[in-house]
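Q: Let me begin by handing over the structure; questions about it come next.
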Amino acid sequence: MSGHPTEIKLHQQSRLLEITFDDDVCYQLPYEFLRVYSPSAEVRGHGHGQGVLQLGKKNVGVLEVLPVGSYAMKIVFDDGHDSGLYTWEYLYNLGKHQAELWQEYLDELAAAGGSREPGSAPEPKKGGCGSGGCSH
Amino acid sequence: MSFSEADVQGALKNLIDPNTKKDFVSGKSVKNIKIDGNGVSLDIVLGYPAKSVWGETRAMVEAHLKAALPGSSVSVNVTSKVVQHAVQHGAKLVDGVKNIIAVASGKGGVGKSTTAVNIALALAAEGARVGMLDADIYGPSQPTMLGISGQPDTVGDNFMEPMTNHGLQAMSIGFLIGSDDTPMIWRGPMVVQALNQLLRQTRWDDLDYLVVDLPPGTGDIQLSLAQQVPVTGAVIVTTPQDIALMDARKGLKMFEKVGVKIVGIVENMSTHICSKCGHEEHIFGSGGGEKMCADYNTELLGSLPLDIRIREQTDSGKPTVVADPDGQVAKVYKQIARRIAVKVAQMAQDRSAVFPKVVVQNT
């Protein structure tokens, strides 16, 4: 397992989660980035290619972060999404590959014709578990 | 001739605690040094329960100090104080519990519950306050093994008093259901809820250790426990058989994935001792536990024989550590318990695994 975090700062105005690991690496992860890359099955789906592209999360806020054992945290977003368990390893990788992952998201967004702006477009129908969405 | 506190500290720096393999000063065990002329008095506070070796430790420290400080008269007082698992300030550990030790295996039938109850009793025999949480909702064994029947008293609307026997506090779904043959026909979410209630709605009374007897596997119960409470460490029980080791490896990996530290491995049913002729045989193969420990860089805490008396004593509600406290098998359980306690004391103080500080800023 890669590092263990020593401090987490929620910058509520700039919507940034700043996470410092015990190897002194520090990442600033935008809430939107964390939200669209939530590891929850609601976002990732249950198998490869079943992910649901997240739209309109530009202004998403974080209400709180809660400990999950000693290996992860749960982020409670203000759009009601709270089922993602972000392991330290997952957060470390999000930080490490932030630029590529963000570009990947923007590309997918462009390909699907979606927008980051809230309330701008209905969610395109895609994958998930059946048509009714999944809230496992 | 008189001595300074530094002389005493210096002398104790060269004395190794045979249990922790650390000297008493860096182990932070030396307290309350008082010097009065030639008289030196101090307290040794061990971080693990060790009633049976307080006398030995005291004699050892006194002899060492007398030799190092010629002409001194030394008086040492030895006690134990189990350290609490470090948690983030304000974080929720279970009320009344200092450390949680999970006893797990991948495979069923390897003797988890038997091992768990004997370890718990061995810790209690060394003077610790110990609780036993039977987390096996589908097949609770602890009521039988601890010889406890009846229902727990309720306290107010939301709490239960733990049941007690052999000096242990215990809680099990087995205390709450009608009869021995009532099955719990429940899906995962119900089981998880039941576990949470047994854990949090029992009024554990000032426990040094809560030993959690987990069911076999890597499913709902194991995951929930790891997610909802800071487990200090996990002990993996296996037999030397390949098929058991295979599952034990998965159990161990699961705990690693969810950030629970592995205290070590107990190899059960290592050998069979024939009750007629006394011949000892490796019926499940030999060296399996040792190999697994080497592969995963963890400690073999001890090996137990497949001995009919362990089964008989445990089935009759008086596990070996209380039925035959001075016997060979009890000695092995006590040694395992000592090793666990020493390691747990080190893990408990390790703040690196504590949940990070969360700061909310209006920036």
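Just so we're on the same page: first chain in the structure tokens is A, next is B, and so on; residues restart at 1 for each chain, and ligands are numbered from 1 in the order they show up.
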List every residue of chain A that has an atom at most 8 Å from any atom of chain B, and for each one report the closest atom pair and its distance in Å to one decimal, counting only C-alpha atoms, with rows sorted by chain and then by increasing residue number, as JSON lines.
A:
{"residue": "A:Met1", "atom": "CA", "partner": "B:Lys257", "partner_atom": "CA", "distance": 7.9}
{"residue": "A:His4", "atom": "CA", "partner": "B:Ala353", "partner_atom": "CA", "distance": 6.9}
{"residue": "A:Pro5", "atom": "CA", "partner": "B:Pro356", "partner_atom": "CA", "distance": 5.9}
{"residue": "A:Thr6", "atom": "CA", "partner": "B:Pro356", "partner_atom": "CA", "distance": 4.7}
{"residue": "A:Glu7", "atom": "CA", "partner": "B:Pro356", "partner_atom": "CA", "distance": 4.9}
{"residue": "A:Ile8", "atom": "CA", "partner": "B:Val358", "partner_atom": "CA", "distance": 4.7}
{"residue": "A:Lys9", "atom": "CA", "partner": "B:Val359", "partner_atom": "CA", "distance": 4.6}
{"residue": "A:Leu10", "atom": "CA", "partner": "B:Val360", "partner_atom": "CA", "distance": 4.6}
{"residue": "A:His11", "atom": "CA", "partner": "B:Gln361", "partner_atom": "CA", "distance": 5.0}
{"residue": "A:Gln12", "atom": "CA", "partner": "B:Asn362", "partner_atom": "CA", "distance": 5.3}
{"residue": "A:Gln13", "atom": "CA", "partner": "B:Thr363", "partner_atom": "CA", "distance": 4.8}
{"residue": "A:Ser14", "atom": "CA", "partner": "B:Thr363", "partner_atom": "CA", "distance": 6.1}
{"residue": "A:Val65", "atom": "CA", "partner": "B:Val358", "partner_atom": "CA", "distance": 7.9}
{"residue": "A:Pro67", "atom": "CA", "partner": "B:Phe355", "partner_atom": "CA", "distance": 6.7}
{"residue": "A:Val68", "atom": "CA", "partner": "B:Gln227", "partner_atom": "CA", "distance": 4.8}
{"residue": "A:Gly69", "atom": "CA", "partner": "B:Gln227", "partner_atom": "CA", "distance": 3.9}
{"residue": "A:Ser70", "atom": "CA", "partner": "B:Gly259", "partner_atom": "CA", "distance": 5.6}
{"residue": "A:Tyr71", "atom": "CA", "partner": "B:Gly259", "partner_atom": "CA", "distance": 4.8}
{"residue": "A:Ala72", "atom": "CA", "partner": "B:Val258", "partner_atom": "CA", "distance": 7.8}
Q: May I have the selected residues written with C-alpha atoms, as a short mmCIF file (atom, residue, chain, number, x, y, z; two decimals), in the first residue's frame?
A:
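After the write, again.cif holds the following:
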data_model
loop_
_atom_site.label_atom_id
_atom_site.label_comp_id
_atom_site.auth_asym_id
_atom_site.auth_seq_id
_atom_site.Cartn_x
_atom_site.Cartn_y
_atom_site.Cartn_z
CA MET A 1 0.00 0.00 0.00
CA HIS A 4 -0.89 6.95 4.72
CA PRO A 5 -2.24 10.50 4.86
CA THR A 6 -1.27 12.73 7.74
CA GLU A 7 -3.55 15.66 7.05
CA ILE A 8 -6.62 16.49 5.01
CA LYS A 9 -7.68 20.08 4.41
CA LEU A 10 -10.99 21.02 2.89
CA HIS A 11 -10.70 24.40 1.16
CA GLN A 12 -14.41 25.15 0.94
CA GLN A 13 -14.14 28.39 -1.10
CA SER A 14 -11.83 27.08 -3.78
CA VAL A 65 -15.38 13.39 5.18
CA PRO A 67 -13.30 7.71 8.43
CA VAL A 68 -13.76 4.18 7.10
CA GLY A 69 -11.68 1.89 9.28
CA SER A 70 -8.08 2.96 8.95
CA TYR A 71 -7.70 2.55 5.21
CA ALA A 72 -10.18 4.87 3.56
#
Q: Please identify which residues in segment 172-256 of chain B DSSP calls helix (DSSP H, G or I) from the backbone, and express them as JSON, numbers by chain.
A: {"B": [173, 174, 175, 188, 189, 190, 191, 192, 193, 194, 195, 196, 197, 198, 199, 200, 220, 221, 222, 223, 224, 225, 226, 227, 228, 242, 243, 244, 245, 246, 247, 248, 249, 250, 251, 252, 253, 254, 255, 256]}
Q: Take the residues just selected and output them with N, CA and C atoms as a compact mmCIF listing (two decimals), in the first residue's frame.
A:
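Result saved to out03.txt:
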# COMPACT_ATOMS: atom_id res chain seq x y z
N ILE B 173 -24.73 -13.50 19.64
CA ILE B 173 -26.11 -13.59 19.19
C ILE B 173 -26.77 -14.81 19.85
N GLY B 174 -25.93 -15.78 20.23
CA GLY B 174 -26.42 -17.00 20.87
C GLY B 174 -27.16 -16.73 22.17
N PHE B 175 -26.84 -15.59 22.83
CA PHE B 175 -27.53 -15.27 24.08
C PHE B 175 -28.92 -14.71 23.82
N GLY B 188 -27.12 -10.55 4.28
CA GLY B 188 -25.99 -9.74 4.74
C GLY B 188 -26.31 -8.50 5.56
N PRO B 189 -27.18 -7.62 5.06
CA PRO B 189 -27.41 -6.36 5.78
C PRO B 189 -27.91 -6.57 7.22
N MET B 190 -28.73 -7.61 7.42
CA MET B 190 -29.23 -7.90 8.77
C MET B 190 -28.09 -8.35 9.67
N VAL B 191 -27.21 -9.16 9.10
CA VAL B 191 -26.09 -9.69 9.86
C VAL B 191 -25.16 -8.56 10.30
N VAL B 192 -24.95 -7.62 9.37
CA VAL B 192 -24.08 -6.49 9.67
C VAL B 192 -24.67 -5.64 10.79
N GLN B 193 -25.98 -5.45 10.72
CA GLN B 193 -26.66 -4.67 11.74
C GLN B 193 -26.56 -5.38 13.10
N ALA B 194 -26.73 -6.69 13.08
CA ALA B 194 -26.64 -7.46 14.33
C ALA B 194 -25.24 -7.32 14.93
N LEU B 195 -24.22 -7.41 14.09
CA LEU B 195 -22.84 -7.28 14.57
C LEU B 195 -22.64 -5.92 15.23
N ASN B 196 -23.14 -4.87 14.55
CA ASN B 196 -22.99 -3.52 15.09
C ASN B 196 -23.64 -3.38 16.45
N GLN B 197 -24.81 -3.99 16.58
CA GLN B 197 -25.50 -3.88 17.86
C GLN B 197 -24.76 -4.63 18.95
N LEU B 198 -24.27 -5.83 18.63
CA LEU B 198 -23.55 -6.61 19.63
C LEU B 198 -22.29 -5.86 20.07
N LEU B 199 -21.67 -5.18 19.11
CA LEU B 199 -20.44 -4.46 19.39
C LEU B 199 -20.68 -3.19 20.18
N ARG B 200 -21.63 -2.40 19.72
CA ARG B 200 -21.79 -1.05 20.28
C ARG B 200 -22.84 -0.94 21.37
N ASP B 220 -19.20 -9.95 4.46
CA ASP B 220 -19.85 -8.83 5.13
C ASP B 220 -19.33 -8.54 6.53
N ILE B 221 -19.26 -9.60 7.35
CA ILE B 221 -18.89 -9.40 8.75
C ILE B 221 -17.46 -8.87 8.87
N GLN B 222 -16.55 -9.52 8.18
CA GLN B 222 -15.14 -9.13 8.28
C GLN B 222 -14.95 -7.70 7.79
N LEU B 223 -15.59 -7.40 6.65
CA LEU B 223 -15.44 -6.08 6.05
C LEU B 223 -16.06 -5.01 6.95
N SER B 224 -17.24 -5.29 7.48
CA SER B 224 -17.90 -4.30 8.34
C SER B 224 -17.07 -3.99 9.57
N LEU B 225 -16.53 -5.05 10.17
CA LEU B 225 -15.73 -4.83 11.36
C LEU B 225 -14.55 -3.92 11.03
N ALA B 226 -13.88 -4.22 9.91
CA ALA B 226 -12.70 -3.44 9.53
C ALA B 226 -13.07 -2.00 9.20
N GLN B 227 -14.28 -1.79 8.67
CA GLN B 227 -14.66 -0.44 8.25
C GLN B 227 -15.18 0.41 9.39
N GLN B 228 -15.82 -0.25 10.36
CA GLN B 228 -16.53 0.56 11.34
C GLN B 228 -15.77 0.83 12.62
N ASP B 242 -2.70 -27.62 3.20
CA ASP B 242 -2.66 -26.69 2.07
C ASP B 242 -3.98 -25.98 1.85
N ILE B 243 -5.05 -26.75 1.94
CA ILE B 243 -6.37 -26.21 1.62
C ILE B 243 -6.78 -25.13 2.63
N ALA B 244 -6.32 -25.26 3.87
CA ALA B 244 -6.61 -24.24 4.89
C ALA B 244 -5.69 -23.03 4.70
N LEU B 245 -4.44 -23.31 4.36
CA LEU B 245 -3.47 -22.22 4.17
C LEU B 245 -3.88 -21.31 3.02
N MET B 246 -4.42 -21.94 1.98
CA MET B 246 -4.86 -21.19 0.81
C MET B 246 -5.87 -20.12 1.23
N ASP B 247 -6.84 -20.55 2.04
CA ASP B 247 -7.87 -19.61 2.50
C ASP B 247 -7.32 -18.62 3.52
N ALA B 248 -6.40 -19.10 4.35
CA ALA B 248 -5.81 -18.22 5.36
C ALA B 248 -5.07 -17.07 4.68
N ARG B 249 -4.41 -17.36 3.56
CA ARG B 249 -3.70 -16.31 2.83
C ARG B 249 -4.67 -15.24 2.37
N LYS B 250 -5.86 -15.68 1.91
CA LYS B 250 -6.87 -14.71 1.45
C LYS B 250 -7.36 -13.87 2.63
N GLY B 251 -7.54 -14.53 3.77
CA GLY B 251 -7.97 -13.79 4.97
C GLY B 251 -6.95 -12.73 5.32
N LEU B 252 -5.70 -13.12 5.29
CA LEU B 252 -4.62 -12.19 5.63
C LEU B 252 -4.58 -11.02 4.65
N LYS B 253 -4.70 -11.32 3.36
CA LYS B 253 -4.66 -10.27 2.35
C LYS B 253 -5.83 -9.30 2.50
N MET B 254 -6.98 -9.87 2.88
CA MET B 254 -8.13 -8.98 3.06
C MET B 254 -7.84 -7.93 4.13
N PHE B 255 -7.28 -8.39 5.27
CA PHE B 255 -6.98 -7.43 6.34
C PHE B 255 -5.96 -6.41 5.87
N GLU B 256 -4.98 -6.86 5.11
CA GLU B 256 -3.98 -5.91 4.60
C GLU B 256 -4.65 -4.85 3.74
Q: What is the atom CA of Ile19 of chain A to atom CA of Val60 of chain A distance in Å?
A: 18.3 Å
Q: Between A:Trp88, A:Tyr105, A:Phe77, A:Phe21, which is the closest to Gln54 of chain A once you count only C-alpha atoms?
A: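 Distance minimum relative to Gln54 of chain A lands on A:Tyr105.
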Q: Calculated over only C-alpha atoms, which of the candidates A:Val76, A:Leu85, A:Gly56, A:Asp107 has the smallest distance to Arg44 of chain A?
A: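 The answer is A:Leu85, which sits nearest to Arg44 of chain A.
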